[in-house]
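Undergrad: There's a structure below that I have some questions on.
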Amino acid sequence: MINMKIYIETFGCTFNQADSQIMAGLLEETGGEIVSSMEDADVVIINTCYVKQPTEQKITNHIQKIQSQFPQKKLLIAGCMVDIDPEKLKKLAPQAGWVGARRIHSTPQVVKSIMDHQILRETGHGHAIKTGLPRKRSNPLVHILQICEGCLGKCSYCCTRFARGNLQSYPISLLKAEAEKAVADGCVEIQLTAQDTAAYGKDSGENLADLINQITSIEGDFRVRVGMMHPKNIKDDLESILNSFRNEKVYNFLHLPLQSGSNRILTDMGREHTVKEYKDIVKLFQTEIPELSLATDIIVGYPTEKEEDFNATLDVISEIRPDFLHISKYHHRPGTRSSSLPPIDHETMKKRSRGLNKLKVAIASHDNQKYLGTTQKVLITDTGSKGGYIGRTNSYKTVVVEKGHLGTFQDVEIIQTLSTYLKGKAL
């Protein structure tokens with residue numbers, strides 16, 4: 001048994017947040033106490049993300065600061081950094097224990113060994129199934145359901161695949177049982193998450209549409225958010241996935257990363273889809289689900305990106321008009337194919353990023369105005385940092401209301417629209 005206080009800090013994606021919740025659940029089950037401040041902890045766990053260079057720098061600075069401020073505390077580094085950049089980590093935190101991204105089952109053993117003054121480092125691609133493990137949810141109303149781990153992609157700029165490895169889909173029967181328990185526990189939102197949800201089942205013979213249909217068949221009033229999908233993997237099952245999205249329990253929300261509006265750059269990136277294929281998928285979803293919110297991702301300043309490639313990206317974004325646009329400036333990442341290429345000029349990259357951001361804000365500000373004065377059914381799942389309540393419309397638009405009841409659906413009149421969220425009045 002572990003009789004100690006543990007503080008967990010998480011960087012990165014929804015999948016990483018779920019890993020931290022499972023680590024917390026496993027530690028509590030073995031007698032550990034999860035605390036909400038670093039000062040109170042015996043052991044500090046940093047669950048790392050390594051997808052972007054600024055995040056790497058932030059984590060590096062943070063680990064250095066912890067070691068200088070709290071030299072007596074035991075340190076455990078978890079997540080993607082462990083498998084992607086072990087040499088840097090050895091120098092950065094020589095006394096820390098490690099838990100690789102696919103070894104979180106080992107967290108209690110690593111914590112125990114640290115307390116016994118032994119450095120244990122669990123790395124590499126384990127194949128244990130995470131479904132059904134104990135967890136401590138950060139929001140009791142939202143359950144993150146990890147449906148598979150790893151991916152089928154060969155993107156030239158991505159180092160996450162070195163940490164997460166090959167695709168491993170979890171069985172529908174186990175995932176449905178975990179979702180049923182979450183709904184029984186009072187969760188009103190189930191988030192299906194993966195590096196690529198559209199790859200689900202391509203290694204096991206099951207598929208995403210069947211999984212969504214099984215989850216939505218669970219009794220209860222809740223919503224399902226389907227996470228990021230790679231365009232190349234949605235193509236084979238397009239009709240069945242689209243049909244599963246028609247269920248009223250599924251948010252009208254499609255997260256489909258484009259990454260560039262230039263076919264030449266998409267080829268250089270190893271994305272395995274064309275701009276036309278991408279637009280065809282979006283058009284079909286937007287036609288069949290008129291209330292659809294589209295989220296997409298763009299990498300600005302890939303090493304081979306010329307001005308005409310960037311302008312092509314602006315054209316595609318102007319055409320598809322995404323509701324949510326995640327913009328990343330390109331940075332070399334350890335071990336990736338693209339990191340051998342000379343980077344483009346930093347000022348050019350900043351200028352392009354600003355230009356795309358300006359377009360993003362203009363589209364969202366204009367298109368959100370159509371919600372003004374409308375009545376929306378909003379699921380309230382959180383409290384605002386500055387007061388009030390936060391909820392989501394059926395199309396996954398964020399709404400802030402002054403008065404609300406957590407975990408309930410409310411009719412809300414939209415009284416103000418901004419580029420990133422809507423303000424509403426409960427009716």
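Letters for chains follow the order of the structure tokens (A, B, ...), residue numbers begin at 1 for each chain, and ligand numbers begin at 1 in the order shown.
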Where in range 162-379 of chain A does DSSP assign alpha helix (DSSP H), given as a PyMOL selection string?

TA: chain A and resi 162-164+172-184+208-216+231-234+238-245+263-269+275-288+307-320+346-368

Undergrad: Would you list the contacts of Val43 in chain A as a ChimeraX atom specification, taking every protein, DNA or RNA residue within 9 Å and counting only C-alpha atoms, but skipping same-chain residues closer than 6 positions in sequence?

TA: /A:4-8,73-76,111,114-115

Undergrad: Could you name the residues that touch Val300 in chain A at 9 Å or less, counting only C-alpha atoms, but leaving out those on the same chain fewer than 6 positions away, as a ChimeraX atom specification?

TA: /A:259-260,310,327-330,349-350,352-353,356

Undergrad: Using DSSP on the backbone, list every residue of range 181-280 of chain A that comes out as strand (DSSP E), and give them as number ranges by chain.

TA: A: 189-193, 223-226, 253-255

Undergrad: Residues at most 6 Å from Met228 in chain A, counting only C-alpha atoms, excluding those fewer than 6 positions away in the same chain, as a compact mmCIF listing (two decimals) with N, CA, C and O atoms, in the first residue's frame?

TA:
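Final file, result17.txt:
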```txt
# COMPACT_ATOMS: atom_id res chain seq x y z
N ASP A 196 -6.70 9.38 -33.06
CA ASP A 196 -7.51 9.46 -34.28
C ASP A 196 -8.71 8.54 -34.08
O ASP A 196 -8.59 7.32 -34.22
N THR A 197 -9.88 9.12 -33.76
CA THR A 197 -11.05 8.26 -33.48
C THR A 197 -11.50 7.50 -34.73
O THR A 197 -12.06 6.42 -34.63
N HIS A 255 -14.52 17.21 -35.63
CA HIS A 255 -13.13 17.70 -35.54
C HIS A 255 -12.29 16.96 -36.57
O HIS A 255 -11.96 15.80 -36.39
N LEU A 256 -11.99 17.66 -37.67
CA LEU A 256 -11.33 17.05 -38.82
C LEU A 256 -10.14 17.93 -39.23
O LEU A 256 -10.31 18.94 -39.92
```

Undergrad: For Thr375 in chain A, which of A:Glu413, A:Glu33, A:Asp85, A:Glu248 is the closest residue, counting only C-alpha atoms?

TA: A:Glu413

Undergrad: Determine the nearest neighbour of Ala24 in chain A from the options A:Pro86, A:His105, A:Gly391, A:Thr313, counting only C-alpha atoms.

TA: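 With only C-alpha atoms as the atom set, the closest residue is A:His105.
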
Undergrad: Find, counting only C-alpha atoms, the residue in A:Cys187, A:Met81, A:Ile147, A:Cys155 that gets nearest to Leu208 in chain A.

TA: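 Comparing A:Cys187, A:Met81, A:Ile147, A:Cys155 against Leu208 in chain A, the winner is A:Ile147.
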
Undergrad: Could you please determine the separation between CA of Lys423 in chain A and CA of Gly388 in chain A in Å, to one decimal place?

TA: 10.4 Å

Undergrad: Please provide the set of residues having any atom within 12 Å of Ala18 in chain A, restricted to only C-alpha atoms, with same-chain residues fewer than 6 positions apart removed, written as an mmCIF file with N, CA and C atoms, in the first residue's frame.

TA:
```
data_model
loop_
_atom_site.group_PDB
_atom_site.id
_atom_site.type_symbol
_atom_site.label_atom_id
_atom_site.label_comp_id
_atom_site.auth_asym_id
_atom_site.auth_seq_id
_atom_site.Cartn_x
_atom_site.Cartn_y
_atom_site.Cartn_z
ATOM 1 N N THR A 10 -1.096 18.058 -15.277
ATOM 2 C CA THR A 10 -1.249 17.513 -16.622
ATOM 3 C C THR A 10 -1.066 18.573 -17.696
ATOM 4 N N PHE A 11 -0.278 18.254 -18.701
ATOM 5 C CA PHE A 11 -0.146 19.098 -19.886
ATOM 6 C C PHE A 11 -0.760 18.346 -21.065
ATOM 7 N N GLY A 12 -1.320 19.107 -22.028
ATOM 8 C CA GLY A 12 -1.709 18.479 -23.286
ATOM 9 C C GLY A 12 -3.168 18.108 -23.433
ATOM 10 N N ALA A 24 -4.516 8.788 -11.060
ATOM 11 C CA ALA A 24 -5.057 9.192 -9.751
ATOM 12 C C ALA A 24 -5.927 8.084 -9.163
ATOM 13 N N GLY A 25 -6.750 7.450 -10.017
ATOM 14 C CA GLY A 25 -7.622 6.359 -9.559
ATOM 15 C C GLY A 25 -6.824 5.162 -9.063
ATOM 16 N N ASN A 47 2.580 14.957 -15.883
ATOM 17 C CA ASN A 47 2.177 14.188 -17.068
ATOM 18 C C ASN A 47 2.406 15.069 -18.289
ATOM 19 N N GLY A 79 3.997 10.385 -19.328
ATOM 20 C CA GLY A 79 3.514 10.905 -20.605
ATOM 21 C C GLY A 79 4.527 10.835 -21.736
ATOM 22 N N ALA A 101 3.956 6.743 -21.741
ATOM 23 C CA ALA A 101 2.557 7.004 -22.104
ATOM 24 C C ALA A 101 1.698 5.739 -22.122
ATOM 25 N N ILE A 104 0.940 3.408 -17.916
ATOM 26 C CA ILE A 104 0.386 4.064 -16.717
ATOM 27 C C ILE A 104 -0.127 3.075 -15.669
ATOM 28 N N LYS A 130 -6.716 -0.030 -21.107
ATOM 29 C CA LYS A 130 -7.008 0.972 -20.068
ATOM 30 C C LYS A 130 -8.499 1.020 -19.707
ATOM 31 N N THR A 131 -9.328 0.410 -20.528
ATOM 32 C CA THR A 131 -10.774 0.488 -20.312
ATOM 33 C C THR A 131 -11.167 -0.114 -18.965
ATOM 34 N N GLY A 132 -12.035 0.593 -18.243
ATOM 35 C CA GLY A 132 -12.577 0.063 -16.990
ATOM 36 C C GLY A 132 -11.674 0.236 -15.784
ATOM 37 N N LEU A 133 -10.527 0.886 -15.954
ATOM 38 C CA LEU A 133 -9.638 1.095 -14.806
ATOM 39 C C LEU A 133 -10.235 2.135 -13.856
ATOM 40 N N PRO A 134 -9.874 2.089 -12.563
ATOM 41 C CA PRO A 134 -10.381 3.114 -11.641
ATOM 42 C C PRO A 134 -9.899 4.489 -12.077
ATOM 43 N N ARG A 135 -10.703 5.502 -11.808
ATOM 44 C CA ARG A 135 -10.255 6.850 -12.167
ATOM 45 C C ARG A 135 -10.878 7.888 -11.235
ATOM 46 N N LYS A 136 -10.220 9.023 -11.183
ATOM 47 C CA LYS A 136 -10.716 10.154 -10.393
ATOM 48 C C LYS A 136 -10.981 11.277 -11.393
ATOM 49 N N ARG A 137 -12.253 11.485 -11.739
ATOM 50 C CA ARG A 137 -12.598 12.486 -12.761
ATOM 51 C C ARG A 137 -12.346 13.907 -12.246
ATOM 52 N N SER A 138 -11.779 14.758 -13.110
ATOM 53 C CA SER A 138 -11.573 16.151 -12.715
ATOM 54 C C SER A 138 -12.903 16.910 -12.724
ATOM 55 N N ASN A 139 -13.825 16.496 -13.592
ATOM 56 C CA ASN A 139 -15.188 17.037 -13.591
ATOM 57 C C ASN A 139 -16.141 15.837 -13.462
ATOM 58 N N VAL A 142 -18.302 14.893 -16.553
ATOM 59 C CA VAL A 142 -17.720 14.604 -17.878
ATOM 60 C C VAL A 142 -16.818 13.378 -17.778
ATOM 61 N N HIS A 143 -17.081 12.384 -18.638
ATOM 62 C CA HIS A 143 -16.253 11.177 -18.665
ATOM 63 C C HIS A 143 -15.492 11.115 -19.980
ATOM 64 N N ILE A 144 -14.160 11.020 -19.883
ATOM 65 C CA ILE A 144 -13.327 10.869 -21.078
ATOM 66 C C ILE A 144 -13.134 9.381 -21.328
ATOM 67 N N LEU A 145 -13.638 8.925 -22.473
ATOM 68 C CA LEU A 145 -13.574 7.506 -22.821
ATOM 69 C C LEU A 145 -12.480 7.295 -23.879
ATOM 70 N N GLN A 146 -11.352 6.741 -23.464
ATOM 71 C CA GLN A 146 -10.263 6.443 -24.397
ATOM 72 C C GLN A 146 -10.658 5.204 -25.192
ATOM 73 N N ILE A 147 -10.849 5.369 -26.501
ATOM 74 C CA ILE A 147 -11.379 4.250 -27.289
ATOM 75 C C ILE A 147 -10.279 3.425 -27.951
ATOM 76 N N GLU A 149 -5.582 3.545 -28.611
ATOM 77 C CA GLU A 149 -4.340 4.277 -28.406
ATOM 78 C C GLU A 149 -3.427 4.015 -29.587
ATOM 79 N N ILE A 190 -20.082 12.261 -22.475
ATOM 80 C CA ILE A 190 -19.074 11.225 -22.723
ATOM 81 C C ILE A 190 -18.225 11.706 -23.896
ATOM 82 N N GLN A 191 -16.924 11.863 -23.663
ATOM 83 C CA GLN A 191 -16.024 12.325 -24.722
ATOM 84 C C GLN A 191 -15.238 11.136 -25.265
ATOM 85 N N LEU A 192 -15.515 10.749 -26.522
ATOM 86 C CA LEU A 192 -14.750 9.670 -27.150
ATOM 87 C C LEU A 192 -13.429 10.259 -27.628
ATOM 88 N N THR A 193 -12.321 9.740 -27.115
ATOM 89 C CA THR A 193 -11.033 10.350 -27.434
ATOM 90 C C THR A 193 -10.017 9.315 -27.888
ATOM 91 N N ALA A 194 -9.102 9.774 -28.750
ATOM 92 C CA ALA A 194 -8.031 8.937 -29.303
ATOM 93 C C ALA A 194 -7.090 9.867 -30.054
#
```

Undergrad: Of the candidates A:Ile281, A:Val226, A:Cys159, A:Ile34, which one gets nearest to Ile22 in chain A if we count only C-alpha atoms?

TA: A:Ile34

Undergrad: Give me the residues within 12 Å of Pro342 in chain A as an NGL selection string, counting only C-alpha atoms and dropping any in the same chain fewer than 5 places off.

TA: :A and (301-305 or 330-332 or 337)

Undergrad: Write out as an MDAnalysis selection string each polymer residue whose atoms come within 6 Å of Ile390 in chain A, counting only C-alpha atoms; drop sequence neighbours fewer than 3 positions from it.

TA: chainID A and resid 380 382:384 399:400

Undergrad: Could you work out how far CA of Asn213 in chain A lies from CA of Ser173 in chain A, giving the answer in Å with one decimal?

TA: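 For CA of Ser173 in chain A relative to CA of Asn213 in chain A, the distance reads 12.1 Å.
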